[in-house]
$ cat upload-v7.csv   # CSV, C-alpha atoms and all ligand atoms
chain,number,residue,atom,x,y,z
A,1241,LYS,CA,104.9,94.2,133.3
A,1242,GLU,CA,104.0,93.4,129.7
A,1243,PHE,CA,100.4,92.4,129.3
A,1244,ARG,CA,100.5,92.6,125.5
A,1245,ASN,CA,101.2,89.4,123.6
A,1246,ASN,CA,101.9,88.9,119.9
A,1247,VAL,CA,98.4,87.7,119.0
A,1248,LYS,CA,96.6,90.1,116.6
A,1249,PRO,CA,93.0,90.5,117.5
A,1250,ASN,CA,90.6,89.6,114.7
A,1251,TRP,CA,87.9,92.0,115.8
A,1252,CYS,CA,86.5,94.3,113.0
A,1253,PRO,CA,88.4,97.6,112.7
A,1254,GLY,CA,86.7,100.1,115.0
A,1255,CYS,CA,85.1,97.5,117.3
A,1256,GLY,CA,84.8,98.8,120.9
A,1257,ASP,CA,86.4,95.7,122.3
A,1258,PHE,CA,89.9,96.9,121.3
A,1259,SER,CA,89.7,99.7,124.0
A,1260,ILE,CA,88.6,97.2,126.6
A,1261,GLN,CA,91.6,95.0,125.9
A,1262,ALA,CA,93.9,98.1,126.2
A,1263,ALA,CA,92.2,99.2,129.4
A,1264,ILE,CA,92.6,95.8,131.1
A,1265,GLN,CA,96.2,95.7,130.1
A,1266,ARG,CA,96.8,99.2,131.4
A,1267,ALA,CA,94.9,98.7,134.6
A,1268,ALA,CA,96.7,95.4,135.4
A,1269,ALA,CA,100.0,97.2,135.0
A,1270,ASN,CA,98.9,100.3,137.0
A,1271,VAL,CA,97.9,98.2,140.0
A,1272,GLY,CA,101.3,96.5,139.9
A,1273,LEU,CA,100.4,93.0,138.8
A,1274,GLU,CA,102.7,90.7,137.0
A,1275,PRO,CA,101.3,88.6,134.2
A,1276,GLU,CA,101.5,85.4,136.2
A,1277,GLN,CA,99.3,87.0,138.9
A,1278,LEU,CA,96.4,87.6,136.6
A,1279,ALA,CA,93.8,85.2,135.0
A,1280,VAL,CA,91.4,86.3,132.3
A,1281,ILE,CA,88.4,84.0,131.8
A,1282,SER,CA,86.0,84.7,129.0
A,1283,GLY,CA,82.8,83.3,127.5
A,1284,ILE,CA,81.7,83.0,123.9
A,1285,GLY,CA,81.1,85.8,121.4
A,1286,CYS,CA,83.4,88.3,119.7
A,1287,SER,CA,84.3,89.5,123.2
A,1288,GLY,CA,85.2,86.0,124.3
A,1289,ARG,CA,88.4,86.2,122.3
A,1290,ILE,CA,89.9,88.7,124.8
A,1291,SER,CA,91.4,86.0,127.0
A,1292,GLY,CA,93.7,85.1,124.2
A,1293,TYR,CA,94.8,88.7,123.6
A,1294,ILE,CA,96.2,89.4,127.1
A,1295,ASN,CA,99.6,88.1,128.3
A,1296,ALA,CA,98.3,86.4,131.5
A,1297,TYR,CA,96.7,83.1,132.4
A,1298,GLY,CA,93.6,82.8,130.2
A,1299,LEU,CA,90.7,80.5,129.4
A,1300,HIS,CA,88.2,80.9,126.6
A,1301,GLY,CA,85.3,79.1,128.2
A,1302,ILE,CA,81.9,78.1,127.0
A,1303,HIS,CA,78.8,80.2,126.3
A,1304,GLY,CA,77.5,82.0,129.4
A,1305,ARG,CA,79.9,80.1,131.7
A,1306,ALA,CA,82.8,82.6,132.2
A,1307,LEU,CA,81.7,83.2,135.7
A,1308,PRO,CA,81.5,79.6,137.0
A,1309,ILE,CA,85.0,79.0,135.6
A,1310,ALA,CA,86.3,82.3,137.1
A,1311,GLN,CA,84.8,81.5,140.5
A,1312,GLY,CA,86.4,78.0,140.4
A,1313,VAL,CA,89.8,79.6,139.5
A,1314,LYS,CA,89.5,82.1,142.3
A,1315,LEU,CA,88.5,79.5,144.9
A,1316,ALA,CA,91.4,77.2,143.8
A,1317,ASN,CA,93.9,80.0,144.1
A,1318,ARG,CA,92.8,83.0,146.0
A,1319,GLU,CA,96.1,84.8,145.3
A,1320,LEU,CA,95.3,85.2,141.6
A,1321,THR,CA,93.6,88.4,140.4
A,1322,VAL,CA,90.7,87.1,138.3
A,1323,ILE,CA,89.0,89.0,135.6
A,1324,ALA,CA,86.0,87.5,133.8
A,1325,SER,CA,84.8,89.0,130.6
A,1326,GLY,CA,82.1,88.5,127.9
A,1327,GLY,CA,79.4,90.1,125.9
A,1328,ASP,CA,75.9,91.2,126.9
A,1329,GLY,CA,74.4,88.1,125.2
A,1330,ASP,CA,76.9,85.8,127.0
A,1331,GLY,CA,76.4,87.4,130.5
A,1332,PHE,CA,72.8,88.6,130.4
A,1333,ALA,CA,71.0,86.0,128.3
A,1334,ILE,CA,72.4,82.4,128.6
A,1335,GLY,CA,74.6,83.3,131.5
A,1336,MET,CA,72.3,85.5,133.5
A,1337,GLY,CA,71.6,82.8,136.2
A,1338,HIS,CA,75.4,82.7,136.8
A,1339,THR,CA,75.7,86.4,136.8
A,1340,VAL,CA,73.1,87.0,139.4
A,1341,HIS,CA,74.4,84.4,141.8
A,1342,ALA,CA,78.1,85.4,141.3
A,1343,ILE,CA,77.0,88.9,142.2
A,1344,ARG,CA,75.3,87.9,145.4
A,1345,ARG,CA,78.1,85.4,146.3
A,1346,ASN,CA,80.6,88.3,146.2
A,1347,LEU,CA,83.9,86.5,145.3
A,1348,ASN,CA,86.8,88.9,144.6
A,1349,ILE,CA,86.4,88.9,140.8
A,1350,THR,CA,86.1,91.7,138.3
A,1351,TYR,CA,83.5,91.0,135.7
A,1352,ILE,CA,83.7,93.2,132.6
A,1353,VAL,CA,80.8,93.0,130.2
A,1354,MET,CA,81.4,94.2,126.6
A,1355,ASP,CA,77.9,95.5,126.0
A,1356,ASN,CA,77.2,96.1,122.3
A,1357,GLN,CA,73.5,95.5,122.5
A,1358,ILE,CA,73.5,92.8,119.8
A,1359,TYR,CA,74.9,89.4,119.0
A,1360,GLY,CA,78.0,90.2,116.8
A,1361,LEU,CA,79.7,86.8,116.4
A,1362,THR,CA,76.5,85.2,115.0
A,1363,LYS,CA,76.1,88.2,112.7
A,1364,GLY,CA,73.5,90.5,114.2
A,1365,GLN,CA,70.6,89.2,116.2
A,1366,THR,CA,68.7,91.0,119.0
A,1367,SER,CA,70.3,90.6,122.5
A,1368,PRO,CA,68.7,91.2,125.9
A,1369,ARG,CA,70.2,94.6,125.8
A,1370,SER,CA,68.7,95.6,122.5
A,1371,ALA,CA,66.1,98.4,122.6
A,1372,GLU,CA,62.5,97.9,122.0
A,1373,GLY,CA,61.7,98.3,118.3
A,1374,PHE,CA,65.3,97.4,117.4
A,1375,LYS,CA,65.4,95.7,113.9
A,1376,THR,CA,67.7,92.9,113.4
A,1377,LYS,CA,67.8,89.6,111.4
A,1378,SER,CA,65.9,87.9,114.3
A,1379,THR,CA,63.4,90.8,114.7
A,1380,PRO,CA,62.8,92.2,111.2
A,1381,GLU,CA,59.7,94.1,112.4
A,1382,GLY,CA,61.5,95.4,115.5
A,1383,SER,CA,62.0,93.8,118.9
A,1384,ILE,CA,58.8,93.6,121.0
A,1385,GLU,CA,60.7,92.6,124.2
A,1386,SER,CA,61.7,95.1,126.9
A,1387,THR,CA,65.4,95.9,127.4
A,1388,LEU,CA,67.1,94.3,130.3
A,1389,SER,CA,68.8,96.7,132.8
A,1390,PRO,CA,72.0,95.0,134.1
A,1391,LEU,CA,72.6,97.8,136.6
A,1392,GLU,CA,69.2,97.5,138.3
A,1393,ILE,CA,69.6,93.7,138.4
A,1394,ALA,CA,73.0,94.0,139.9
A,1395,MET,CA,71.8,96.4,142.6
A,1396,SER,CA,68.9,94.2,143.5
A,1397,ALA,CA,71.1,91.1,143.6
A,1398,GLY,CA,73.2,92.7,146.3
A,1399,ALA,CA,76.2,93.9,144.3
A,1400,THR,CA,79.0,95.5,146.2
A,1401,PHE,CA,80.6,97.3,143.2
A,1402,VAL,CA,78.7,98.5,140.1
A,1403,ALA,CA,80.2,100.7,137.4
A,1404,GLN,CA,79.6,101.5,133.8
A,1405,SER,CA,81.8,103.0,131.2
A,1406,PHE,CA,82.2,103.6,127.4
A,1407,SER,CA,85.0,102.1,125.3
A,1408,SER,CA,85.8,105.5,123.9
A,1409,ASP,CA,86.6,106.8,127.4
A,1410,LEU,CA,89.8,104.9,128.0
A,1411,LYS,CA,90.9,107.0,131.0
A,1412,GLN,CA,87.6,106.4,132.9
A,1413,LEU,CA,87.4,102.8,131.8
A,1414,THR,CA,91.0,102.1,133.0
A,1415,ASN,CA,90.4,103.8,136.3
A,1416,LEU,CA,87.2,101.8,136.9
A,1417,ILE,CA,88.9,98.5,136.1
A,1418,GLU,CA,91.7,99.4,138.6
A,1419,GLU,CA,89.1,100.2,141.2
A,1420,GLY,CA,87.3,96.9,140.4
A,1421,ILE,CA,90.5,94.9,140.8
A,1422,LYS,CA,91.2,96.6,144.1
A,1423,HIS,CA,87.7,96.1,145.4
A,1424,GLU,CA,87.4,93.3,148.0
A,1425,GLY,CA,84.5,91.5,146.4
A,1426,PHE,CA,82.7,91.1,143.1
A,1427,SER,CA,82.8,94.1,140.8
A,1428,LEU,CA,80.5,94.4,137.8
A,1429,ILE,CA,81.8,96.9,135.1
A,1430,ASN,CA,79.4,97.1,132.2
A,1431,VAL,CA,81.0,98.8,129.2
A,1432,PHE,CA,79.2,100.3,126.2
A,1433,SER,CA,81.3,98.7,123.3
A,1434,PRO,CA,79.9,99.6,119.9
A,1435,CYS,CA,79.6,96.8,117.3
A,1436,VAL,CA,80.4,98.8,114.2
A,1437,THR,CA,79.5,96.0,111.8
A,1438,PHE,CA,76.0,94.9,112.9
A,1439,ASN,CA,74.6,97.6,115.3
A,1440,LYS,CA,74.0,100.8,113.2
A,1441,ILE,CA,71.8,102.4,115.9
A,1442,ASN,CA,74.0,102.3,119.1
A,1443,THR,CA,77.0,103.9,117.4
A,1444,TYR,CA,79.9,105.8,119.0
A,1445,ASP,CA,78.0,109.1,118.2
A,1446,TRP,CA,74.8,107.7,119.7
A,1447,PHE,CA,76.6,106.9,122.9
A,1448,LYS,CA,78.3,110.3,123.0
A,1449,GLU,CA,74.9,112.0,122.8
A,1450,ASN,CA,73.1,109.8,125.3
A,1451,ILE,CA,75.7,109.0,128.0
A,1452,VAL,CA,75.3,110.8,131.4
A,1453,ASN,CA,78.8,110.9,133.0
A,1454,LEU,CA,78.6,110.9,136.8
A,1455,GLU,CA,81.4,113.5,136.8
A,1456,GLN,CA,78.6,116.0,136.2
A,1457,PHE,CA,77.3,115.4,139.7
A,1458,PRO,CA,80.2,116.2,142.2
A,1459,GLU,CA,77.8,115.6,145.1
A,1460,TYR,CA,77.0,112.1,144.0
A,1461,ASP,CA,77.9,109.5,146.7
A,1462,PRO,CA,78.5,106.0,145.4
A,1463,SER,CA,78.2,104.5,148.9
A,1464,ASN,CA,74.5,105.5,148.9
A,1465,ARG,CA,72.5,102.5,147.6
A,1466,MET,CA,69.2,104.4,147.3
A,1467,ALA,CA,70.9,107.3,145.4
A,1468,ALA,CA,72.5,104.8,143.1
A,1469,MET,CA,69.2,103.1,142.3
A,1470,ASN,CA,67.5,106.5,141.7
A,1471,LYS,CA,70.3,107.7,139.4
A,1472,ILE,CA,70.2,104.5,137.4
A,1473,MET,CA,66.5,105.0,136.9
A,1474,GLU,CA,66.6,108.7,136.3
A,1475,THR,CA,69.2,108.2,133.5
A,1476,GLU,CA,67.5,105.1,132.1
A,1477,GLY,CA,70.7,103.2,132.7
A,1478,MET,CA,72.9,105.5,130.6
A,1479,LEU,CA,75.1,106.8,133.4
A,1480,THR,CA,78.9,106.1,133.4
A,1481,GLY,CA,81.3,106.1,136.3
A,1482,LEU,CA,81.4,104.4,139.7
A,1483,ILE,CA,77.7,103.9,140.5
A,1484,TYR,CA,77.8,102.0,143.7
A,1485,GLN,CA,80.4,100.6,146.1
A,1486,ASN,CA,79.9,98.8,149.4
A,1487,LYS,CA,83.2,98.5,151.2
A,1488,GLN,CA,81.7,97.1,154.4
A,1489,ARG,CA,80.5,93.7,153.1
A,1490,LYS,CA,83.1,90.9,153.3
A,1491,SER,CA,84.1,88.9,150.2
A,1492,TYR,CA,83.3,85.2,149.9
A,1493,GLU,CA,87.0,84.4,150.3
A,1494,ASP,CA,87.2,86.4,153.5
A,1495,LEU,CA,84.2,84.5,154.9
A,1496,ILE,CA,85.4,81.1,153.8
A,1497,THR,CA,88.8,81.6,155.3
A,1498,GLY,CA,87.2,80.8,158.6
A,1499,PHE,CA,86.4,77.3,157.4
A,1500,GLN,CA,89.4,76.7,155.2
A,1501,PRO,CA,92.4,79.1,155.6
A,1502,GLU,CA,94.3,77.8,152.6
A,1503,SER,CA,93.1,77.7,149.1
A,1504,LEU,CA,93.3,74.4,147.2
A,1505,SER,CA,96.5,75.4,145.4
A,1506,LYS,CA,98.3,75.7,148.7
A,1507,GLN,CA,97.0,72.4,150.1
A,1508,ASP,CA,98.8,69.1,150.0
A,1509,LEU,CA,96.2,67.0,148.1
A,1510,THR,CA,98.2,63.8,148.0
A,1511,LEU,CA,96.4,60.9,149.5
A,1512,SER,CA,98.0,57.8,151.0
A,1513,GLU,CA,96.8,54.4,149.9
A,1514,ALA,CA,95.5,53.8,153.4
A,1515,ASP,CA,93.6,57.1,153.5
A,1516,PHE,CA,92.2,56.3,150.0
A,1517,ASN,CA,90.9,52.9,151.1
A,1518,LYS,CA,89.4,54.5,154.2
A,1519,LEU,CA,87.6,57.0,152.1
A,1520,VAL,CA,86.3,54.4,149.7
A,1521,ALA,CA,85.2,52.2,152.6
A,1522,GLU,CA,83.0,55.1,153.9
A,1523,PHE,CA,80.9,54.9,150.7
A,1524,LYS,CA,80.6,51.1,150.4
B,1601,LIG,FE1,83.2,93.8,117.1
B,1601,LIG,FE2,80.8,93.6,116.0
B,1601,LIG,FE3,82.9,93.0,114.6
B,1601,LIG,FE4,82.1,91.4,116.6
B,1601,LIG,S1,81.0,91.8,114.7
B,1601,LIG,S2,84.2,92.1,116.2
B,1601,LIG,S3,81.3,92.9,118.1
B,1601,LIG,S4,82.4,95.0,115.4

$ encode --input "upload-v7.csv" --output "structure tokens" --more "lines below"
Ligand code: SF4
Amino acid sequence: KEFRNNVKPNWCPGCGDFSIQAAIQRAAANVGLEPEQLAVISGIGCSGRISGYINAYGLHGIHGRALPIAQGVKLANRELTVIASGGDGDGFAIGMGHTVHAIRRNLNITYIVMDNQIYGLTKGQTSPRSAEGFKTKSTPEGSIESTLSPLEIAMSAGATFVAQSFSSDLKQLTNLIEEGIKHEGFSLINVFSPCVTFNKINTYDWFKENIVNLEQFPEYDPSNRMAAMNKIMETEGMLTGLIYQNKQRKSYEDLITGFQPESLSKQDLTLSEADFNKLVAEFK
């Protein structure tokens, strides 16, 4: 089960995205997948390169559109394990409409956001995850916009699996990705992934000082939606671990099986000339 390929990532040395790549590869192996059973679909940004660095089916999509592609892949072949991945700009700015609706649709997809709180590929502009007052090339006097909370948005959109991790905590991150893959529905895993080149505020040390690991609260129950919302707000979104999981709600695929038991990849889509002509006649 070799999920490594011979492509050398061209991320900057020290970029948090390296650990996320390693965690996906380990998690896929740990849950017993073969490379041909996994598809990794990414958007645009430094993070978007990840689909080319994993030995599996991969598609480097377009900006903010990893999730529409991933949902199409999953619906066409429900037997594939599908991971979608991208940055905070990709998923929470241009792609936010897709993110919210993918969450509430609840297809069995694991969405890993590499959250560095800045736009790295375009050389350092404010993202929806940047803090108020954050100075970048696009906000030289400091950002005057409020910071978006993906965890609160996911919860209010009806998410069935919400987790957060830190790229330095490879053990936790790998475990969460494994749990996300096993979850029957959509799993959002937001990962603090420092951009060492352009974000000099949210550094590895900054995250280590500010993260609140849910392991500190042994009584915490991730099936309690209200407790999850409270903990997200109490920690101002800085908590890591499995924040919320609803195992009761059925995935989109489970529900659609009642209408169409076989996915497209299993159906005979050949059309006879007579059937084709009949179809065309219906639209004349
Ligand atoms: Fe990583 Fe930032 Fe370099 Fe992009 S610019 S590869 S996000 S460190």

$ residues_near_point --input "upload-v7.csv" --point "(69.6, 98.0, 140.9)" --cutoff "9 Å" --atoms "all atoms listed in the file" --output "VMD selection string"
chain A and resid 1389 to 1399 1465 1468 to 1470 1472 to 1473

$ write_last_selection --input "upload-v7.csv" --atoms "C-alpha atoms" --output "PDB file, in the frame of the given file"
ATOM      1  CA  SER A1389      68.800  96.700 132.800  1.00  0.00           C
ATOM      2  CA  PRO A1390      72.000  95.000 134.100  1.00  0.00           C
ATOM      3  CA  LEU A1391      72.600  97.800 136.600  1.00  0.00           C
ATOM      4  CA  GLU A1392      69.200  97.500 138.300  1.00  0.00           C
ATOM      5  CA  ILE A1393      69.600  93.700 138.400  1.00  0.00           C
ATOM      6  CA  ALA A1394      73.000  94.000 139.900  1.00  0.00           C
ATOM      7  CA  MET A1395      71.800  96.400 142.600  1.00  0.00           C
ATOM      8  CA  SER A1396      68.900  94.200 143.500  1.00  0.00           C
ATOM      9  CA  ALA A1397      71.100  91.100 143.600  1.00  0.00           C
ATOM     10  CA  GLY A1398      73.200  92.700 146.300  1.00  0.00           C
ATOM     11  CA  ALA A1399      76.200  93.900 144.300  1.00  0.00           C
ATOM     12  CA  ARG A1465      72.500 102.500 147.600  1.00  0.00           C
ATOM     13  CA  ALA A1468      72.500 104.800 143.100  1.00  0.00           C
ATOM     14  CA  MET A1469      69.200 103.100 142.300  1.00  0.00           C
ATOM     15  CA  ASN A1470      67.500 106.500 141.700  1.00  0.00           C
ATOM     16  CA  ILE A1472      70.200 104.500 137.400  1.00  0.00           C
ATOM     17  CA  MET A1473      66.500 105.000 136.900  1.00  0.00           C
TER      18      MET A1473
END

$ residues_near_ligand --input "upload-v7.csv" --ligand "ligand LIG 1601 (chain B)" --cutoff "6 Å" --atoms "only C-alpha atoms and all ligand atoms" --output "number ranges by chain"
A: 1251-1252, 1255, 1286, 1360-1361, 1435-1438

$ residues_around --input "upload-v7.csv" --residues "segment 1333-1349 of chain A" --least-positions-apart "3" --cutoff "6 Å" --atoms "all atoms listed in the file" --output "list in words"
Gly1304, Val1322, Ile1323, Gly1329, Asp1330, Ala1397, Gly1398, Ala1399, Glu1424, Gly1425, Phe1426, Ser1491 and Tyr1492 of chain A

$ residues_near_point --input "upload-v7.csv" --point "(104.6, 88.2, 131.6)" --cutoff "12 Å" --atoms "all atoms listed in the file" --output "list in words"
Lys1241, Glu1242, Phe1243, Arg1244, Asn1245, Gln1265, Ala1268, Ala1269, Leu1273, Glu1274, Pro1275, Glu1276, Gln1277, Leu1278, Ala1279, Ile1294, Asn1295, Ala1296 and Tyr1297 of chain A

$ atom_distance --input "upload-v7.csv" --atom1 "atom CA of Val1280 of chain A" --atom2 "atom CA of Gly1254 of chain A"
22.6 Å

$ closest_residue --input "upload-v7.csv" --among "A:Val1313, A:Ile1302, A:Ile1429, A:Met1478" --to "Ala1403 of chain A" --atoms "only C-alpha atoms"
A:Ile1429

$ atom_distance --input "upload-v7.csv" --atom1 "atom CA of Ala1371 of chain A" --atom2 "atom CA of Thr1387 of chain A"
5.5 Å

$ closest_residue --input "upload-v7.csv" --among "A:Val1431, A:Ile1417, A:Leu1479, A:Ala1324" --to "Glu1455 of chain A" --atoms "all atoms listed in the file"
A:Leu1479

$ residues_around --input "upload-v7.csv" --residues "Ser1386 of chain A" --least-positions-apart "2" --cutoff "12 Å" --atoms "only C-alpha atoms" --output "ChimeraX atom specification"
/A:1366-1374,1382-1384,1388-1389

$ atom_distance --input "upload-v7.csv" --atom1 "atom CA of Asn1453 of chain A" --atom2 "atom CA of Gly1481 of chain A"
6.3 Å

$ closest_residue --input "upload-v7.csv" --among "A:Ser1287, A:Thr1321, A:Ser1407, A:Thr1497" --to "Asn1250 of chain A" --atoms "all atoms listed in the file"
A:Ser1287

$ closest_residue --input "upload-v7.csv" --among "A:Lys1448, A:Lys1524, A:Arg1305, A:Arg1489" --to "Phe1406 of chain A" --atoms "all atoms listed in the file"
A:Lys1448

$ closest_residue --input "upload-v7.csv" --among "A:Ile1441, A:Ile1284, A:Val1520, A:Leu1428" --to "Thr1362 of chain A" --atoms "all atoms listed in the file"
A:Ile1284

$ residues_around --input "upload-v7.csv" --residues "Lys1377 of chain A" --least-positions-apart "4" --cutoff "9 Å" --atoms "only C-alpha atoms" --output "list in words"
Lys1363, Gly1364, Gln1365 and Thr1366 of chain A

$ write_last_selection --input "upload-v7.csv" --atoms "C-alpha atoms" --output "PDB file, keeping the file's coordinate frame"
ATOM      1  CA  LYS A1363      76.100  88.200 112.700  1.00  0.00           C
ATOM      2  CA  GLY A1364      73.500  90.500 114.200  1.00  0.00           C
ATOM      3  CA  GLN A1365      70.600  89.200 116.200  1.00  0.00           C
ATOM      4  CA  THR A1366      68.700  91.000 119.000  1.00  0.00           C
TER       5      THR A1366
END

$ closest_residue --input "upload-v7.csv" --among "A:Gly1312, A:Phe1499, A:Glu1522, A:Ile1358" --to "Ser1378 of chain A" --atoms "only C-alpha atoms"
A:Ile1358

$ residues_around --input "upload-v7.csv" --residues "Gly1326 of chain A" --least-positions-apart "3" --cutoff "8 Å" --atoms "all atoms listed in the file" --output "list of chain:residue names"
A:Ser1282, A:Gly1283, A:Ile1284, A:Gly1285, A:Ser1287, A:Gly1288, A:Ala1306, A:Asp1330, A:Gly1331, A:Ile1352, A:Val1353, A:Met1354

$ build_atoms --input "upload-v7.csv" --residues "segment 1356-1378 of chain A" --atoms "N, CA and C atoms" --output "tab-separated table (two decimals), in the frame of the given file"
chain	number	residue	atom	x	y	z
A	1356	ASN	N	77.45	95.46	123.59
A	1356	ASN	CA	77.20	96.10	122.30
A	1356	ASN	C	75.77	96.04	121.84
A	1357	GLN	N	74.93	95.48	122.71
A	1357	GLN	CA	73.50	95.50	122.50
A	1357	GLN	C	73.02	94.71	121.27
A	1358	ILE	N	73.84	93.70	120.94
A	1358	ILE	CA	73.50	92.80	119.80
A	1358	ILE	C	74.39	91.59	119.86
A	1359	TYR	N	74.03	90.55	119.13
A	1359	TYR	CA	74.90	89.40	119.00
A	1359	TYR	C	75.79	89.63	117.75
A	1360	GLY	N	77.08	89.86	117.96
A	1360	GLY	CA	78.00	90.20	116.80
A	1360	GLY	C	78.53	88.92	116.16
A	1361	LEU	N	78.99	87.94	116.98
A	1361	LEU	CA	79.70	86.80	116.40
A	1361	LEU	C	78.73	85.99	115.46
A	1362	THR	N	77.45	85.94	115.80
A	1362	THR	CA	76.50	85.20	115.00
A	1362	THR	C	75.82	86.07	113.94
A	1363	LYS	N	76.39	87.27	113.76
A	1363	LYS	CA	76.10	88.20	112.70
A	1363	LYS	C	74.77	88.96	112.80
A	1364	GLY	N	74.51	89.42	114.05
A	1364	GLY	CA	73.50	90.50	114.20
A	1364	GLY	C	72.11	90.07	114.55
A	1365	GLN	N	71.94	89.45	115.74
A	1365	GLN	CA	70.60	89.20	116.20
A	1365	GLN	C	70.34	90.03	117.50
A	1366	THR	N	69.06	90.20	117.84
A	1366	THR	CA	68.70	91.00	119.00
A	1366	THR	C	69.22	90.29	120.30
A	1367	SER	N	69.78	91.09	121.20
A	1367	SER	CA	70.30	90.60	122.50
A	1367	SER	C	69.33	91.10	123.60
A	1368	PRO	N	69.51	90.64	124.84
A	1368	PRO	CA	68.70	91.20	125.90
A	1368	PRO	C	68.85	92.67	126.13
A	1369	ARG	N	69.95	93.22	125.64
A	1369	ARG	CA	70.20	94.60	125.80
A	1369	ARG	C	69.73	95.48	124.64
A	1370	SER	N	69.21	94.86	123.60
A	1370	SER	CA	68.70	95.60	122.50
A	1370	SER	C	67.45	96.41	122.87
A	1371	ALA	N	67.30	97.59	122.29
A	1371	ALA	CA	66.10	98.40	122.60
A	1371	ALA	C	64.87	97.88	121.98
A	1372	GLU	N	63.73	98.22	122.59
A	1372	GLU	CA	62.50	97.90	122.00
A	1372	GLU	C	62.37	98.50	120.61
A	1373	GLY	N	61.85	97.77	119.65
A	1373	GLY	CA	61.70	98.30	118.30
A	1373	GLY	C	62.99	98.10	117.45
A	1374	PHE	N	64.05	97.56	118.06
A	1374	PHE	CA	65.30	97.40	117.40
A	1374	PHE	C	65.18	96.31	116.28
A	1375	LYS	N	65.50	96.68	115.04
A	1375	LYS	CA	65.40	95.70	113.90
A	1375	LYS	C	66.67	95.01	113.67
A	1376	THR	N	66.58	93.68	113.71
A	1376	THR	CA	67.70	92.90	113.40
A	1376	THR	C	67.24	91.70	112.51
A	1377	LYS	N	68.18	90.79	112.18
A	1377	LYS	CA	67.80	89.60	111.40
A	1377	LYS	C	66.75	88.77	112.16
A	1378	SER	N	66.85	88.77	113.50
A	1378	SER	CA	65.90	87.90	114.30
A	1378	SER	C	64.65	88.71	114.64
